[in-house]
Protein chains: 2
Amino acid sequence: MLSHEDIKNIISRSILTLDLKGEPESLYQPIEYMVSVGGKRVRPRLCLTVFNLFSDNVGNDIIYPAIALEMFHEFSLMHDDIMDNSDTRRNQPTVFKKWGTSKAILSGDVMLLLAYKYMSFCNAEVMPEALRLFTDTAVKVCEGQQFDMDFEEKPFITMSDYISMIGLKTGVLLACSAKMGALIAGVSREIRDALYQFGYQLGLAFQIADDYLDTFGDQQIFGKKIGDDIVNDKKTWLQVECIRRAEGADKERLASILEMGEDMREEKVAAMQQLYIDLGIKDDARDAILEYHNKAFEAISGIGLNEVQTRQLHQFAEQLIHREK
Amino acid sequence: MLSHEDIKNIISRSILTLDLKGEPESLYQPIEYMVSVGGKRVRPRLCLTVFNLFSDNVGNDIIYPAIALEMFHEFSLMHDDIMDNSDTRRNQPTVFKKWGTSKAILSGDVMLLLAYKYMSFCNAEVMPEALRLFTDTAVKVCEGQQFDMDFEEKPFITMSDYISMIGLKTGVLLACSAKMGALIAGVSREIRDALYQFGYQLGLAFQIADDYLDTFGDQQIFGKKIGDDIVNDKKTWLQVECIRRAEGADKERLASILEMGEDMREEKVAAMQQLYIDLGIKDDARDAILEYHNKAFEAISGIGLNEVQTRQLHQFAEQLIHREK
């Protein structure tokens with residue numbers, strides 16, 4: 001079985017050697033930029049990790065579909081950045097800010113098409129199911145983004161709305177990544193479906209960890225400014241839980257924090273951090289992350305993975321949710 | 001063999017019965033709107049017409065891929081309308097104007113995904129090739145849109161640049177439509193490739209006919225204001241040819257027309273129409289349309305189609321290029 005380091009290297013090297021040049025250059029430049037800025041490559045790594053639990057035969061028919069998942073993810077970020085009017089991502093200017101809306105739309109479209117091109121490397125036998133899984137997932141991710149934007153217009157949402165939304169925006173793509181690896185490795189439907197659930201629950205844990213780090217992370221390590229979610233009144237696990245929980249004087253404290261404008265950035269972030277701590281939300285967020293992490297492993301408890309396979313997934317999950325960036 | 005009317009009806013009815021509802025409604029409403037406003041459905045009709053030359057077995061494995069081509073086309077229009085800042089299409093407000101940029105991006109993305117969903121209805125044997133054809137074509141259409149936008153920044157382009165650009169923006173999708181029908185009908189590669197060329201050349205004729213109608217069409221029938229291309233200094237077959245051809249006094253005439261602002265709409269359109277007529281460009285545009293039409297039929301002259309099959313394609317082409325809307 002490959003080490004996590006090996007898997008990371010295989011993915012990075014494969015992405016590095018993709019031929020992303022084409023004509024007109026103005027269309028392909030933003031794609032190369034987006035891909036090279038890169039991220040944690042969580043989705044292709046999960047896909048390859050799961051595949052490698054069952055098969056050592058690591059070739060193009062798994063590597064390209066794994067990269068398709070990353071390409072889809074990057075496409076969705078490129079379009080989201082337009083809709084969210086985001087200036088920076090991963091400490092770099094977004095394609096939208098650097099090249100404008102039209103480029104970010106059209107280069108994004110090509111990235112989605114490239115994702116399908118890479119998907120077509122999987123074996124003919126599994127292709128119909130792999131494509132169905134990929135397309136269904138992609139539609140759900142778009143639905144999640146729309147729910148997210150619709151929720152922005154609402155003063156508050158329930159925790160159940162929030163979990164459904166991040167389930168669509170983040171959960172299903174990790175679910176799809178795990179299941180894709182299992183599908184291409186040729187394991188039974190029961191195991192594939194359990195791994196889908198595993199990825200889904202892990203995706204929820206991953207997103208709540210992201211919410212947590214945006215408010216309580218270390219800026220040097222996290223790679224972006226701490227407190228952006230608070231400043232933008234973004235709906236996060238912490239905020240949704242805070243609105244649900246705050247009563248009496250705390251409710252008034254919360255209302256006055258939400259009223260602070262962008263000019264009071266530092267005060268606003270500090271006040272909200274303190275309120276989260278006072279209401280026990282900081283600690284409970286860590287518990288919630290652990291809860292979804294545990295649900296992920298419950299989902300695969302009955303499918304007969306041996307100790308080595310289970311440890312491999314545990315190590316992957318640890319990296320994901322006990323990360324600092 | 002089905003009549004052209006039958007084919008039209010099969011396509012319209014199939015599109016009408018698509019299930020385009022979903023959650024959140026705000027994401028699916030623009031898709032239903034875009035699809036219901038509809039158009040000439042040229043691409044699915046060409047796909048089904050070609051299929052039906054070789055097979056009477058018209059089922060979901062050809063109808064859905066045909067509709068995928070329409071869905072892709074509508075996706076590209078929805079995104080193009082943002083980039084081109086277009087207010088209306090087919091006499092109706094664009095999705096971009098009606099619901100804003102974010103909706104037009106995200107609903108467009110879902111339409112592209114639906115196109116892939118419909119493509120997955122084709123037979124497993126042809127699926128790898130069908131998907132490769134579809135994805136390669138889709139990438140080219142995006143490249144064409146980028147060339148089009150890049151050309152907008154240039155004072156003039158050559159006719160060869162123009163033909164390459166419309167080949168990507170319009171030619172390859174008609175080419176793909178014809179080839180897809182042939183591929184799913186199970187005919188030989190030689191015939192499929194000839195039909196690709198047929199669709200490509202027909203696509204060029206179709207686009208030049210569109211350029212012609214925008215300047216010399218009948219507004220009542222054409223369904224949009226005559227002269228928009230002239231007012232926007234859009235690069236069309238007519239304009240590119242005019243810049244190439246105008247010399248001396250005509251060159252000065254052209255320069256002064258291009259300088260007229262939007263406030264002089266009627267004068268500008270009338271003056272440009274007259275210049276096109278004086279330079280023989282109006283007549284030559286009709287000749288160019290005919291030339292590409294003829295090239296389309298030369299491309300399939302050697303593949304052994306019988307009289308009935310050939311007549312069917314001739315009738316289809318006639319509708320396309322001798323149309324008034």
# chains A, B, ... in the order shown; residues from 1 in each chain; ligands from 1
$ closest_atom_pairs --of "chain B" --to "chain A" --cutoff "8 Å" --atoms "only C-alpha atoms" --output "Markdown table"
| residue | atom | partner | partner_atom | distance |
| --- | --- | --- | --- | --- |
| B:Glu23 | CA | A:Glu143 | CA | 7.0 |
| B:Pro24 | CA | A:Phe147 | CA | 6.4 |
| B:Ser26 | CA | A:Gln146 | CA | 7.6 |
| B:Leu27 | CA | A:Gln146 | CA | 6.4 |
| B:His79 | CA | A:Ile105 | CA | 7.4 |
| B:Ile82 | CA | A:Ser102 | CA | 7.6 |
| B:Met83 | CA | A:Ser102 | CA | 5.2 |
| B:Thr101 | CA | A:Met83 | CA | 7.7 |
| B:Ser102 | CA | A:Met83 | CA | 5.2 |
| B:Ile105 | CA | A:Ile105 | CA | 7.2 |
| B:Leu106 | CA | A:Cys142 | CA | 6.6 |
| B:Asp109 | CA | A:Cys142 | CA | 7.7 |
| B:Val110 | CA | A:Val139 | CA | 6.0 |
| B:Leu113 | CA | A:Thr135 | CA | 6.2 |
| B:Leu114 | CA | A:Thr135 | CA | 7.9 |
| B:Tyr116 | CA | A:Thr135 | CA | 7.2 |
| B:Lys117 | CA | A:Thr135 | CA | 6.6 |
| B:Ser120 | CA | A:Pro128 | CA | 6.9 |
| B:Ala124 | CA | A:Pro128 | CA | 7.3 |
| B:Pro128 | CA | A:Ser120 | CA | 6.9 |
| B:Leu131 | CA | A:Ser120 | CA | 7.6 |
| B:Arg132 | CA | A:Lys117 | CA | 7.1 |
| B:Thr135 | CA | A:Leu113 | CA | 6.2 |
| B:Ala138 | CA | A:Leu113 | CA | 7.3 |
| B:Val139 | CA | A:Val110 | CA | 6.0 |
| B:Cys142 | CA | A:Leu106 | CA | 6.6 |
| B:Glu143 | CA | A:Pro24 | CA | 6.5 |
| B:Gln146 | CA | A:Leu27 | CA | 6.4 |
| B:Phe147 | CA | A:Pro24 | CA | 6.4 |
$ select_by_dssp --residues "region 31-178 of chain B" --states "alpha helix (DSSP H)" --output "PyMOL selection string"
chain B and resi 31-37+42-54+60-83+95-99+101-119+127-152+159-166+172-178
$ residues_around --residues "Leu195 (chain B)" --least-positions-apart "5" --cutoff "9 Å" --atoms "only C-alpha atoms" --output "PyMOL selection string"
chain B and resi 50+175-176+178-179+182+190+200+296+299-300
$ residues_around --residues "region 9-11 of chain A" --least-positions-apart "5" --cutoff "9 Å" --atoms "only C-alpha atoms" --output "ChimeraX atom specification"
/A:4,16,41,44-45,48,63,66-67
$ closest_residue --among "A:Ala130, A:Lys234, A:Asn91, A:Leu183" --to "Glu153 (chain A)" --atoms "only C-alpha atoms"
A:Lys234
$ residues_around --residues "Arg245 (chain B)" --least-positions-apart "6" --cutoff "12 Å" --atoms "only C-alpha atoms" --output "list in words"
Thr158, Met159, Leu238, Gln239, Lys251, Leu254, Leu275, Tyr276, Asp278, Leu279, Gly280, Ile281 and Asp284 of chain B
